[in-house]
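K.L.:
This is the content of upload_9.cif (mmCIF, C-alpha atoms and all ligand atoms):
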```
data_target
#
loop_
_atom_site.label_atom_id
_atom_site.label_comp_id
_atom_site.auth_asym_id
_atom_site.auth_seq_id
_atom_site.Cartn_x
_atom_site.Cartn_y
_atom_site.Cartn_z
CA MET A 77 -50.46 28.14 92.70
CA GLY A 78 -53.91 27.13 91.43
CA ARG A 79 -56.54 29.62 90.32
CA LEU A 80 -58.99 28.11 92.88
CA ASP A 81 -56.62 27.78 95.85
CA GLY A 82 -58.54 27.78 99.14
CA LYS A 83 -61.97 27.81 97.50
CA VAL A 84 -64.77 25.36 98.32
CA ALA A 85 -66.92 24.16 95.42
CA LEU A 86 -69.97 21.91 95.27
CA ILE A 87 -70.62 20.30 91.87
CA THR A 88 -73.81 18.42 91.00
CA GLY A 89 -73.85 15.75 88.33
CA ALA A 90 -70.22 15.12 89.29
CA SER A 91 -70.17 11.36 88.66
CA SER A 92 -69.97 11.67 84.86
CA GLY A 93 -69.14 13.87 81.89
CA ILE A 94 -68.83 17.62 82.45
CA GLY A 95 -69.30 17.36 86.24
CA ARG A 96 -66.65 14.69 86.56
CA ALA A 97 -64.13 16.68 84.49
CA SER A 98 -64.95 19.82 86.48
CA ALA A 99 -64.47 18.07 89.84
CA ARG A 100 -61.09 16.79 88.70
CA HIS A 101 -60.03 20.17 87.26
CA PHE A 102 -61.22 22.16 90.29
CA VAL A 103 -59.13 19.90 92.58
CA GLU A 104 -56.11 20.36 90.26
CA GLU A 105 -56.65 24.13 90.54
CA GLY A 106 -56.50 23.96 94.34
CA ALA A 107 -60.17 23.79 95.38
CA GLN A 108 -61.83 21.57 97.97
CA VAL A 109 -64.66 19.90 96.11
CA VAL A 110 -67.90 18.22 97.17
CA LEU A 111 -69.22 15.95 94.43
CA ALA A 112 -73.00 15.38 94.36
CA ASP A 113 -74.91 12.93 92.17
CA ILE A 114 -77.30 9.99 92.15
CA GLN A 115 -74.74 7.59 90.62
CA ASP A 116 -73.19 6.81 93.98
CA ASP A 117 -70.61 4.18 93.03
CA ALA A 118 -69.06 6.32 90.29
CA GLY A 119 -69.12 9.44 92.49
CA GLN A 120 -67.55 7.71 95.47
CA LYS A 121 -64.88 6.14 93.28
CA LEU A 122 -63.98 9.51 91.75
CA ALA A 123 -63.88 11.25 95.15
CA ALA A 124 -61.54 8.54 96.48
CA GLU A 125 -59.32 8.95 93.41
CA LEU A 126 -59.18 12.74 93.86
CA GLY A 127 -57.95 12.39 97.44
CA GLU A 128 -58.56 14.28 100.63
CA ARG A 129 -59.69 17.51 98.96
CA ALA A 130 -62.75 15.70 97.54
CA ALA A 131 -65.83 14.16 99.14
CA TYR A 132 -69.00 12.65 97.70
CA VAL A 133 -72.59 13.16 98.84
CA HIS A 134 -75.71 11.53 97.37
CA SER A 135 -78.12 14.22 96.17
CA ASP A 136 -81.05 14.00 93.79
CA VAL A 137 -81.31 17.63 92.67
CA ALA A 138 -85.03 17.22 92.02
CA GLY A 139 -85.64 16.78 95.75
CA GLU A 140 -85.66 19.76 98.12
CA SER A 141 -84.37 17.87 101.17
CA ASP A 142 -81.48 16.37 99.16
CA VAL A 143 -80.44 19.78 97.83
CA ARG A 144 -80.66 21.37 101.28
CA GLY A 145 -78.66 18.40 102.61
CA MET A 146 -75.84 18.70 100.07
CA ILE A 147 -75.35 22.41 100.81
CA GLU A 148 -75.35 21.68 104.57
CA PHE A 149 -72.85 18.86 104.00
CA ALA A 150 -70.44 21.20 102.17
CA VAL A 151 -70.75 24.00 104.71
CA GLU A 152 -70.40 21.67 107.72
CA ARG A 153 -67.35 20.03 106.18
CA HIS A 154 -65.52 23.18 105.08
CA GLY A 155 -67.09 26.05 107.00
CA ARG A 156 -67.93 27.95 103.80
CA LEU A 157 -69.00 27.65 100.16
CA ASP A 158 -67.40 29.63 97.34
CA CYS A 159 -69.01 28.03 94.29
CA LEU A 160 -72.16 26.03 93.68
CA PHE A 161 -72.05 24.47 90.21
CA ASN A 162 -75.59 23.32 89.23
CA ASN A 163 -74.62 20.91 86.50
CA ALA A 164 -76.73 17.74 86.87
CA GLY A 165 -78.93 16.94 83.91
CA PHE A 166 -80.23 14.48 81.37
CA GLY A 167 -81.92 14.63 77.98
CA GLY A 168 -85.42 14.12 79.37
CA GLU A 169 -88.73 14.20 77.49
CA GLY A 170 -88.07 14.43 73.75
CA ALA A 171 -91.42 13.81 72.01
CA ALA A 172 -92.86 15.87 69.17
CA ILE A 173 -95.16 18.55 70.53
CA HIS A 174 -98.39 16.84 69.46
CA GLU A 175 -97.32 13.58 71.11
CA LEU A 176 -95.95 15.08 74.29
CA ASP A 177 -97.14 13.30 77.43
CA THR A 178 -97.22 15.59 80.44
CA GLY A 179 -96.78 12.65 82.80
CA GLU A 180 -93.86 11.40 84.86
CA LEU A 181 -91.00 11.98 82.39
CA PHE A 182 -92.22 15.52 81.67
CA HIS A 183 -92.22 16.34 85.38
CA GLN A 184 -88.86 14.68 85.94
CA THR A 185 -87.36 16.75 83.10
CA VAL A 186 -88.68 20.00 84.56
CA ASP A 187 -87.66 18.97 88.08
CA VAL A 188 -84.08 17.98 87.28
CA LEU A 189 -83.26 20.66 84.69
CA PHE A 190 -85.06 23.63 86.23
CA LYS A 191 -86.34 23.01 89.75
CA GLY A 192 -82.95 21.49 90.65
CA VAL A 193 -81.23 24.75 89.67
CA VAL A 194 -83.82 26.85 91.53
CA LEU A 195 -83.31 24.74 94.66
CA GLY A 196 -79.54 24.91 94.42
CA MET A 197 -79.72 28.70 94.20
CA LYS A 198 -82.28 28.86 97.02
CA TYR A 199 -80.09 26.99 99.51
CA ALA A 200 -76.72 28.40 98.40
CA ALA A 201 -77.91 32.04 98.43
CA PRO A 202 -78.14 32.51 102.23
CA VAL A 203 -74.62 31.11 102.69
CA LEU A 204 -73.13 33.25 99.93
CA ARG A 205 -75.02 36.39 101.00
CA GLU A 206 -73.77 36.01 104.54
CA GLN A 207 -70.18 35.57 103.32
CA ARG A 208 -70.64 38.53 100.97
CA ALA A 209 -68.70 36.49 98.40
CA GLY A 210 -69.01 33.48 96.16
CA CYS A 211 -70.67 32.43 92.94
CA ILE A 212 -73.30 30.18 91.44
CA LEU A 213 -72.75 28.51 88.07
CA SER A 214 -75.30 26.48 86.16
CA THR A 215 -74.90 24.37 83.05
CA ALA A 216 -77.49 25.58 80.54
CA SER A 217 -76.94 24.73 76.85
CA VAL A 218 -76.85 26.10 73.33
CA ALA A 219 -80.33 24.53 73.34
CA GLY A 220 -81.36 27.29 75.74
CA VAL A 221 -80.13 29.98 73.35
CA THR A 222 -81.73 28.82 70.13
CA ALA A 223 -84.02 26.04 68.92
CA GLY A 224 -83.10 22.74 67.35
CA TYR A 225 -80.52 21.33 69.75
CA GLY A 226 -82.69 19.27 72.10
CA GLY A 227 -86.20 18.18 72.98
CA HIS A 228 -88.84 20.87 73.53
CA VAL A 229 -88.92 20.57 77.30
CA TYR A 230 -85.11 20.41 77.55
CA THR A 231 -84.83 23.49 75.32
CA ALA A 232 -87.39 25.43 77.33
CA MET A 233 -85.84 24.51 80.69
CA LYS A 234 -82.34 25.48 79.56
CA ALA A 235 -83.70 28.85 78.37
CA ALA A 236 -85.35 29.21 81.78
CA VAL A 237 -82.02 28.55 83.50
CA ILE A 238 -80.43 31.33 81.45
CA ASN A 239 -83.03 33.92 82.43
CA LEU A 240 -83.12 32.71 86.03
CA THR A 241 -79.35 33.24 86.08
CA ARG A 242 -79.83 36.86 85.03
CA ALA A 243 -82.62 37.46 87.54
CA VAL A 244 -80.72 35.99 90.48
CA ALA A 245 -77.51 37.79 89.45
CA VAL A 246 -79.42 41.07 89.76
CA GLU A 247 -80.71 40.10 93.21
CA LEU A 248 -77.40 38.82 94.60
CA GLY A 249 -74.99 41.30 92.95
CA PRO A 250 -75.30 43.84 95.81
CA PHE A 251 -74.17 41.08 98.22
CA GLY A 252 -70.98 40.45 96.25
CA VAL A 253 -72.33 37.19 94.82
CA ARG A 254 -71.95 36.38 91.10
CA VAL A 255 -74.32 34.17 89.10
CA ASN A 256 -73.50 32.82 85.63
CA ALA A 257 -74.53 30.07 83.24
CA ILE A 258 -72.42 28.11 80.76
CA CYS A 259 -73.98 27.04 77.47
CA PRO A 260 -72.08 24.08 76.07
CA GLY A 261 -72.35 22.98 72.46
CA GLY A 262 -71.85 19.30 71.58
CA ILE A 263 -69.69 17.78 74.32
CA THR A 264 -68.57 14.13 74.29
CA THR A 265 -70.42 12.65 77.27
CA PRO A 266 -72.81 9.75 77.95
CA ILE A 267 -75.80 12.15 77.99
CA PHE A 268 -76.26 11.27 74.31
CA PHE A 269 -76.81 7.62 75.28
CA GLY A 270 -79.24 8.31 78.11
CA GLY A 271 -76.41 8.60 80.69
CA GLY A 272 -73.55 6.23 81.53
CA GLU A 273 -75.86 3.85 83.41
CA ALA A 274 -77.79 3.12 80.21
CA LEU A 275 -74.69 1.53 78.62
CA GLU A 276 -73.48 -2.03 79.22
CA PRO A 277 -70.23 -2.27 81.23
CA GLY A 278 -67.28 -1.79 78.89
CA GLN A 279 -69.34 -0.09 76.18
CA GLU A 280 -68.73 3.50 77.25
CA GLU A 281 -65.29 4.19 75.75
CA GLY A 282 -66.20 2.83 72.29
CA ALA A 283 -69.52 4.68 72.24
CA LEU A 284 -67.85 7.94 73.25
CA GLN A 285 -65.21 7.51 70.55
CA GLN A 286 -67.92 7.12 67.90
CA LEU A 287 -69.76 10.14 69.29
CA ARG A 288 -66.51 12.15 69.25
CA THR A 289 -66.15 11.47 65.51
CA LEU A 290 -69.74 12.58 64.83
CA LEU A 291 -69.54 15.70 66.98
CA GLY A 292 -66.25 16.64 65.35
CA ARG A 293 -68.24 17.52 62.24
CA ALA A 294 -70.92 19.55 64.00
CA GLN A 295 -69.27 22.96 64.29
CA PRO A 296 -66.68 25.16 62.57
CA ILE A 297 -63.89 24.16 64.99
CA PRO A 298 -63.24 20.69 63.55
CA ARG A 299 -63.22 18.57 66.69
CA ALA A 300 -65.76 17.45 69.25
CA GLY A 301 -66.24 19.43 72.44
CA GLU A 302 -64.77 17.71 75.49
CA PRO A 303 -65.88 17.90 79.14
CA LEU A 304 -62.61 19.66 79.98
CA ASP A 305 -63.55 22.53 77.63
CA ILE A 306 -66.48 23.26 79.94
CA ALA A 307 -64.47 22.58 83.11
CA HIS A 308 -61.97 25.25 82.03
CA MET A 309 -64.75 27.84 81.62
CA ALA A 310 -66.27 26.83 84.96
CA ALA A 311 -62.91 27.21 86.71
CA PHE A 312 -62.44 30.66 85.20
CA LEU A 313 -65.95 31.75 86.26
CA ALA A 314 -65.38 30.40 89.78
CA SER A 315 -62.05 32.19 90.09
CA ASP A 316 -61.28 35.72 91.23
CA GLU A 317 -60.28 36.52 87.63
CA ALA A 318 -64.03 36.60 86.84
CA ALA A 319 -64.75 39.05 89.68
CA PHE A 320 -66.72 41.43 87.41
CA VAL A 321 -68.51 38.76 85.34
CA SER A 322 -72.10 38.13 86.42
CA GLY A 323 -75.53 37.61 84.90
CA GLN A 324 -74.00 36.00 81.79
CA ALA A 325 -74.77 32.91 79.75
CA ILE A 326 -71.42 32.10 78.19
CA VAL A 327 -71.48 29.90 75.11
CA VAL A 328 -68.66 27.35 74.73
CA ASP A 329 -69.42 25.62 71.44
CA GLY A 330 -66.57 25.80 68.90
CA ALA A 331 -68.56 28.49 66.99
CA LEU A 332 -71.58 26.17 66.51
CA LEU A 333 -74.09 28.99 66.98
CA ALA A 334 -71.91 31.65 65.37
CA GLY A 335 -71.25 29.60 62.26
CA SER A 336 -74.18 27.30 61.63
CA GLY A 337 -76.08 29.87 59.57
CA SER A 338 -73.17 30.51 57.24
CA ARG A 339 -72.46 26.76 56.97
CA ALA A 340 -76.09 26.12 56.09
CA MET A 341 -75.99 28.91 53.49
CA ALA A 342 -72.74 27.52 52.06
CA SER A 343 -74.20 24.06 51.63
CA LEU A 344 -77.42 25.46 50.15
CA ALA A 345 -75.35 27.57 47.76
CA ALA A 346 -73.34 24.49 46.77
CA GLU A 347 -76.52 22.47 46.18
CA GLY A 348 -78.05 25.32 44.19
CA ALA A 349 -74.90 25.76 42.07
CA ALA A 350 -74.84 22.03 41.33
CA GLU A 351 -78.49 22.16 40.21
CA PHE A 352 -77.80 25.17 37.94
CA ALA A 353 -74.69 23.45 36.57
CA ALA A 354 -76.77 20.39 35.66
CA GLU A 355 -78.89 22.75 33.55
CA GLY A 356 -75.75 24.29 31.97
CA VAL A 357 -76.00 27.60 33.91
CA ASP A 358 -72.75 28.81 35.50
CA THR A 359 -72.84 30.50 38.93
CA PRO A 360 -69.36 32.03 39.37
CA GLY A 361 -68.31 32.38 43.00
CA ALA A 362 -70.59 29.66 44.31
CA PRO A 363 -68.79 26.80 46.09
CA ALA A 364 -69.67 24.20 43.43
CA SER A 365 -68.28 26.45 40.65
CA ALA A 366 -65.11 26.91 42.67
CA ALA A 367 -64.83 23.14 43.02
CA ARG A 368 -65.23 22.77 39.22
CA ARG A 369 -62.48 25.35 38.66
CA GLY A 370 -60.22 23.36 41.01
CA ASP A 371 -59.95 26.30 43.48
CA ASP A 372 -59.40 25.56 47.16
N1 LIG A 401 -72.93 16.87 76.63
C1 LIG A 401 -73.44 17.89 75.96
O1 LIG A 401 -73.30 17.97 74.71
C2 LIG A 401 -74.19 18.98 76.68
C3 LIG A 401 -74.52 20.13 75.94
C4 LIG A 401 -75.20 21.15 76.58
C5 LIG A 401 -75.54 21.03 77.92
N2 LIG A 401 -75.21 19.91 78.62
C6 LIG A 401 -75.58 19.86 80.03
O2 LIG A 401 -74.43 19.52 80.77
C7 LIG A 401 -74.83 18.96 82.02
C8 LIG A 401 -74.00 17.74 82.30
O3 LIG A 401 -74.31 16.74 81.35
P1 LIG A 401 -73.22 15.76 80.72
O4 LIG A 401 -73.20 16.01 79.28
O5 LIG A 401 -71.96 15.81 81.49
O6 LIG A 401 -73.99 14.36 80.91
P2 LIG A 401 -73.65 13.07 81.78
O7 LIG A 401 -74.78 12.12 81.57
O8 LIG A 401 -72.28 12.61 81.50
O9 LIG A 401 -73.67 13.63 83.28
C9 LIG A 401 -74.85 14.06 83.90
C10 LIG A 401 -74.75 13.72 85.37
O10 LIG A 401 -75.91 14.24 86.03
C11 LIG A 401 -76.36 13.25 86.95
N3 LIG A 401 -77.77 13.42 87.25
C12 LIG A 401 -78.83 13.19 86.43
N4 LIG A 401 -79.99 13.40 87.10
C13 LIG A 401 -79.64 13.77 88.36
C14 LIG A 401 -80.37 14.13 89.51
N5 LIG A 401 -81.72 14.09 89.52
N6 LIG A 401 -79.70 14.48 90.62
C15 LIG A 401 -78.34 14.50 90.63
N7 LIG A 401 -77.59 14.15 89.58
C16 LIG A 401 -78.23 13.79 88.45
C17 LIG A 401 -76.07 11.93 86.25
O11 LIG A 401 -76.06 10.84 87.17
C18 LIG A 401 -74.71 12.20 85.63
O12 LIG A 401 -73.66 11.87 86.51
C19 LIG A 401 -76.33 18.71 81.91
O13 LIG A 401 -77.04 19.72 82.59
C20 LIG A 401 -76.59 18.79 80.42
O14 LIG A 401 -77.90 19.16 80.13
C21 LIG A 401 -74.53 18.88 78.02
#
```
I'd like the structure from this file rewritten - as structure tokens, please.
Ligand SMILES: NC(=O)c1ccc[n+]([C@@H]2O[C@H](COP(=O)([O-])OP(=O)(O)OC[C@H]3O[C@@H](n4cnc5c(N)ncnc54)[C@H](O)[C@@H]3O)[C@@H](O)[C@H]2O)c1
P.N.:
Amino acid sequence: MGRLDGKVALITGASSGIGRASARHFVEEGAQVVLADIQDDAGQKLAAELGERAAYVHSDVAGESDVRGMIEFAVERHGRLDCLFNNAGFGGEGAAIHELDTGELFHQTVDVLFKGVVLGMKYAAPVLREQRAGCILSTASVAGVTAGYGGHVYTAMKAAVINLTRAVAVELGPFGVRVNAICPGGITTPIFFGGGEALEPGQEEGALQQLRTLLGRAQPIPRAGEPLDIAHMAAFLASDEAAFVSGQAIVVDGALLAGSGSRAMASLAAEGAAEFAAEGVDTPGAPASAARRGDD
């Protein structure tokens, strides 16, 4: 028995990365899944691979008619909707604040990362309210929790998704509808290369392997985050086991946010101890002194 048996889920950004892993995992857990994306070939291929419990629909989440259309597609096909997973995204505008151009890329970043989530919630809410059951998940980011993990507009839009999640959870709670966000840390996906389409055919696996090595050093848990780490959290939040979890932004980051301060302090302390040592001053207890003593 799967934890999502009989449930219907619609996942945006399902042609790659976190969305792709989530679509696959949700099907393995027993759900019927509608995959939505703008990378049609990859989405259709994945849906065919996942079999009769999966279907693909083209949907640009920045466009109101596409978002309305994908919700209608799911409801017409399955007669209900249990989980909308607003996951589509890209890195977007990344300029320094004084160089930021508020032109097309700025608007596209706001439209995909924020308006897309608003629209998904807008068109899923009437269906879920009427059913008096269901949930909405959105992929925010550690970048929405604290600064320094993405461009300014990306960071601001992910923070907006987190507070929108809380606001809509308050509105929809009385109707039995739950609303949550997931905040991934560094996850090995093509988003770091401008999306899978930006890579030459055949380049993706090698590029991801290199990224995996880099991300493995980014947080206290000494490995890179993988799309399946986020898919597991999404499946839990979409399941009945999460029946009393709503209005939350759940961080899945290998202790990146919990531990980065102490790691920064540790490396500063080591640097400082090394500088004192060069001047002949001992600093017992500091990491560099411990290294000199041969401690672990
Ligand atoms: N990978 C990470 O480290 C990380 C960390 C925090 C948050 N996130 C978030 O996770 C989500 C998924 O990203 P990913 O890492 O899997 O990247 P990815 O590039 O592998 O997948 C993103 C998917 O979104 C789709 N997409 C982009 N614009 C779209 C649009 N307008 N309409 C519909 N689909 C669109 C892309 O085609 C792609 O399939 C994003 O919201 C991203 O911001 C990722």
K.L.:
Can you tell me, as a VMD selection string, which residues sit within 8 Å of (-68.7, 22.7, 85.6) in the file's frame, using only C-alpha atoms?
P.N.:
chain A and resid 87 94 to 95 97 to 99 161 to 163 213 to 215 306 to 307 309 to 311
K.L.:
Using only C-alpha atoms and all ligand atoms, what are the residues with an atom within 7 Å of ligand LIG 401 (chain A), set out as a ChimeraX atom specification?
P.N.:
/A:88-95,112-115,135-138,163-167,188-189,215-219,259-268,270-272,303
K.L.:
I'd like to know which of A:Val255, A:Val321, A:Leu304, A:Leu126 is closest to Arg242 of chain A, using only C-alpha atoms.
P.N.:
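Residue with the minimum atom-to-atom distance to Arg242 of chain A: A:Val255.
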K.L.:
For Leu157 of chain A, please output as a VMD selection string all residues within 8 Å (counting only C-alpha atoms; exclusion window: fewer than 2 positions along the same chain).
P.N.:
chain A and resid 83 to 86 150 to 151 154 to 155 159 to 160 200 203 to 204 210
K.L.:
Give me the residues within 8 Å of Arg205 of chain A as a list in words, counting only C-alpha atoms and dropping any in the same chain fewer than 6 places off.
P.N.:
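Listing them by chain and then by number gives Leu248, Phe251, Gly252 and Val253 of chain A.
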K.L.:
Filtering to C-alpha atoms, could you give me those residues as a PDB file, in the coordinates of the input?
P.N.:
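Once everything was written out, this is out-v7.pdb:
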```
ATOM      1  CA  LEU A 248     -77.400  38.820  94.600  1.00  0.00           C
ATOM      2  CA  PHE A 251     -74.170  41.080  98.220  1.00  0.00           C
ATOM      3  CA  GLY A 252     -70.980  40.450  96.250  1.00  0.00           C
ATOM      4  CA  VAL A 253     -72.330  37.190  94.820  1.00  0.00           C
TER       5      VAL A 253
END
```
K.L.:
Rounded to one decimal, what separation in Å do you get between atom CA of Val194 of chain A and atom CA of Thr222 of chain A?
P.N.:
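One can read the atom CA of Val194 of chain A to atom CA of Thr222 of chain A distance as 21.6 Å.
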K.L.:
Taking only C-alpha atoms into account, which of A:Ala172, A:Met197, A:Leu284, A:Ala325 comes nearest His228 of chain A?
P.N.:
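Looking at the shortest contact to His228 of chain A, the residue is A:Ala172.
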K.L.:
For atom CA of Ile258 of chain A and atom CA of Ile238 of chain A, quote the distance in Å rounded to one decimal.
P.N.:
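These two atoms are separated by 8.7 Å.
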K.L.:
Hey, can you check how far atom CA of Arg129 of chain A sits from atom CA of Gly301 of chain A?
P.N.:
27.4 Å
K.L.:
Considering only C-alpha atoms, can you say which of A:Glu152, A:Ala257, A:Leu287, A:Pro202 comes closest to Ala243 of chain A?
P.N.:
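Among the listed residues, A:Ala257 lies closest to Ala243 of chain A.
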K.L.:
I'd like the neighbourhood of Leu195 of chain A as a VMD selection string, where a residue qualifies if any of its atoms comes within 8 Å (using all atoms listed in the file), though same-chain residues fewer than 6 positions away should be ignored.
P.N.:
chain A and resid 137 140 143 to 144
K.L.:
N, CA and C atoms are needed for segment 88-114 of chain A; please write them out as a PDB file, keeping the file's coordinate frame.
P.N.:
```pdb
ATOM      1  N   THR A  88     -72.800  19.480  91.176  1.00  0.00           N
ATOM      2  CA  THR A  88     -73.810  18.420  91.000  1.00  0.00           C
ATOM      3  C   THR A  88     -73.609  17.744  89.640  1.00  0.00           C
ATOM      4  N   GLY A  89     -74.088  16.514  89.555  1.00  0.00           N
ATOM      5  CA  GLY A  89     -73.850  15.750  88.330  1.00  0.00           C
ATOM      6  C   GLY A  89     -72.374  15.441  88.172  1.00  0.00           C
ATOM      7  N   ALA A  90     -71.688  15.233  89.305  1.00  0.00           N
ATOM      8  CA  ALA A  90     -70.220  15.120  89.290  1.00  0.00           C
ATOM      9  C   ALA A  90     -69.715  13.714  89.021  1.00  0.00           C
ATOM     10  N   SER A  91     -70.629  12.736  88.863  1.00  0.00           N
ATOM     11  CA  SER A  91     -70.170  11.360  88.660  1.00  0.00           C
ATOM     12  C   SER A  91     -69.827  11.059  87.206  1.00  0.00           C
ATOM     13  N   SER A  92     -70.137  11.969  86.283  1.00  0.00           N
ATOM     14  CA  SER A  92     -69.970  11.670  84.860  1.00  0.00           C
ATOM     15  C   SER A  92     -69.716  12.954  84.075  1.00  0.00           C
ATOM     16  N   GLY A  93     -69.191  12.789  82.879  1.00  0.00           N
ATOM     17  CA  GLY A  93     -69.140  13.870  81.890  1.00  0.00           C
ATOM     18  C   GLY A  93     -68.544  15.181  82.375  1.00  0.00           C
ATOM     19  N   ILE A  94     -69.299  16.257  82.146  1.00  0.00           N
ATOM     20  CA  ILE A  94     -68.830  17.620  82.450  1.00  0.00           C
ATOM     21  C   ILE A  94     -68.581  17.786  83.953  1.00  0.00           C
ATOM     22  N   GLY A  95     -69.471  17.235  84.781  1.00  0.00           N
ATOM     23  CA  GLY A  95     -69.300  17.360  86.240  1.00  0.00           C
ATOM     24  C   GLY A  95     -68.060  16.651  86.711  1.00  0.00           C
ATOM     25  N   ARG A  96     -67.829  15.467  86.168  1.00  0.00           N
ATOM     26  CA  ARG A  96     -66.650  14.690  86.560  1.00  0.00           C
ATOM     27  C   ARG A  96     -65.366  15.443  86.179  1.00  0.00           C
ATOM     28  N   ALA A  97     -65.322  15.941  84.937  1.00  0.00           N
ATOM     29  CA  ALA A  97     -64.130  16.680  84.490  1.00  0.00           C
ATOM     30  C   ALA A  97     -63.943  17.950  85.319  1.00  0.00           C
ATOM     31  N   SER A  98     -65.050  18.582  85.690  1.00  0.00           N
ATOM     32  CA  SER A  98     -64.950  19.820  86.480  1.00  0.00           C
ATOM     33  C   SER A  98     -64.434  19.518  87.880  1.00  0.00           C
ATOM     34  N   ALA A  99     -64.930  18.434  88.499  1.00  0.00           N
ATOM     35  CA  ALA A  99     -64.470  18.070  89.840  1.00  0.00           C
ATOM     36  C   ALA A  99     -62.957  17.846  89.820  1.00  0.00           C
ATOM     37  N   ARG A 100     -62.520  17.091  88.821  1.00  0.00           N
ATOM     38  CA  ARG A 100     -61.090  16.790  88.700  1.00  0.00           C
ATOM     39  C   ARG A 100     -60.279  18.085  88.490  1.00  0.00           C
ATOM     40  N   HIS A 101     -60.767  18.944  87.583  1.00  0.00           N
ATOM     41  CA  HIS A 101     -60.030  20.170  87.260  1.00  0.00           C
ATOM     42  C   HIS A 101     -60.023  21.148  88.445  1.00  0.00           C
ATOM     43  N   PHE A 102     -61.164  21.253  89.139  1.00  0.00           N
ATOM     44  CA  PHE A 102     -61.220  22.160  90.290  1.00  0.00           C
ATOM     45  C   PHE A 102     -60.211  21.705  91.371  1.00  0.00           C
ATOM     46  N   VAL A 103     -60.106  20.394  91.600  1.00  0.00           N
ATOM     47  CA  VAL A 103     -59.130  19.900  92.580  1.00  0.00           C
ATOM     48  C   VAL A 103     -57.715  20.232  92.101  1.00  0.00           C
ATOM     49  N   GLU A 104     -57.453  20.025  90.800  1.00  0.00           N
ATOM     50  CA  GLU A 104     -56.110  20.360  90.260  1.00  0.00           C
ATOM     51  C   GLU A 104     -55.799  21.841  90.437  1.00  0.00           C
ATOM     52  N   GLU A 105     -56.848  22.673  90.406  1.00  0.00           N
ATOM     53  CA  GLU A 105     -56.650  24.130  90.540  1.00  0.00           C
ATOM     54  C   GLU A 105     -56.651  24.577  92.004  1.00  0.00           C
ATOM     55  N   GLY A 106     -56.693  23.615  92.927  1.00  0.00           N
ATOM     56  CA  GLY A 106     -56.500  23.960  94.340  1.00  0.00           C
ATOM     57  C   GLY A 106     -57.752  23.994  95.192  1.00  0.00           C
ATOM     58  N   ALA A 107     -58.927  23.702  94.605  1.00  0.00           N
ATOM     59  CA  ALA A 107     -60.170  23.790  95.380  1.00  0.00           C
ATOM     60  C   ALA A 107     -60.404  22.538  96.227  1.00  0.00           C
ATOM     61  N   GLN A 108     -61.229  22.701  97.256  1.00  0.00           N
ATOM     62  CA  GLN A 108     -61.830  21.570  97.970  1.00  0.00           C
ATOM     63  C   GLN A 108     -63.163  21.356  97.289  1.00  0.00           C
ATOM     64  N   VAL A 109     -63.468  20.127  96.927  1.00  0.00           N
ATOM     65  CA  VAL A 109     -64.660  19.900  96.110  1.00  0.00           C
ATOM     66  C   VAL A 109     -65.584  18.861  96.737  1.00  0.00           C
ATOM     67  N   VAL A 110     -66.870  19.202  96.802  1.00  0.00           N
ATOM     68  CA  VAL A 110     -67.900  18.220  97.170  1.00  0.00           C
ATOM     69  C   VAL A 110     -68.588  17.810  95.883  1.00  0.00           C
ATOM     70  N   LEU A 111     -68.592  16.506  95.627  1.00  0.00           N
ATOM     71  CA  LEU A 111     -69.220  15.950  94.430  1.00  0.00           C
ATOM     72  C   LEU A 111     -70.613  15.456  94.828  1.00  0.00           C
ATOM     73  N   ALA A 112     -71.630  15.841  94.068  1.00  0.00           N
ATOM     74  CA  ALA A 112     -73.000  15.380  94.360  1.00  0.00           C
ATOM     75  C   ALA A 112     -73.577  14.725  93.112  1.00  0.00           C
ATOM     76  N   ASP A 113     -74.321  13.632  93.315  1.00  0.00           N
ATOM     77  CA  ASP A 113     -74.910  12.930  92.170  1.00  0.00           C
ATOM     78  C   ASP A 113     -75.866  11.870  92.705  1.00  0.00           C
ATOM     79  N   ILE A 114     -76.490  11.155  91.763  1.00  0.00           N
ATOM     80  CA  ILE A 114     -77.300   9.990  92.150  1.00  0.00           C
ATOM     81  C   ILE A 114     -76.600   8.682  91.747  1.00  0.00           C
TER      82      ILE A 114
END
```
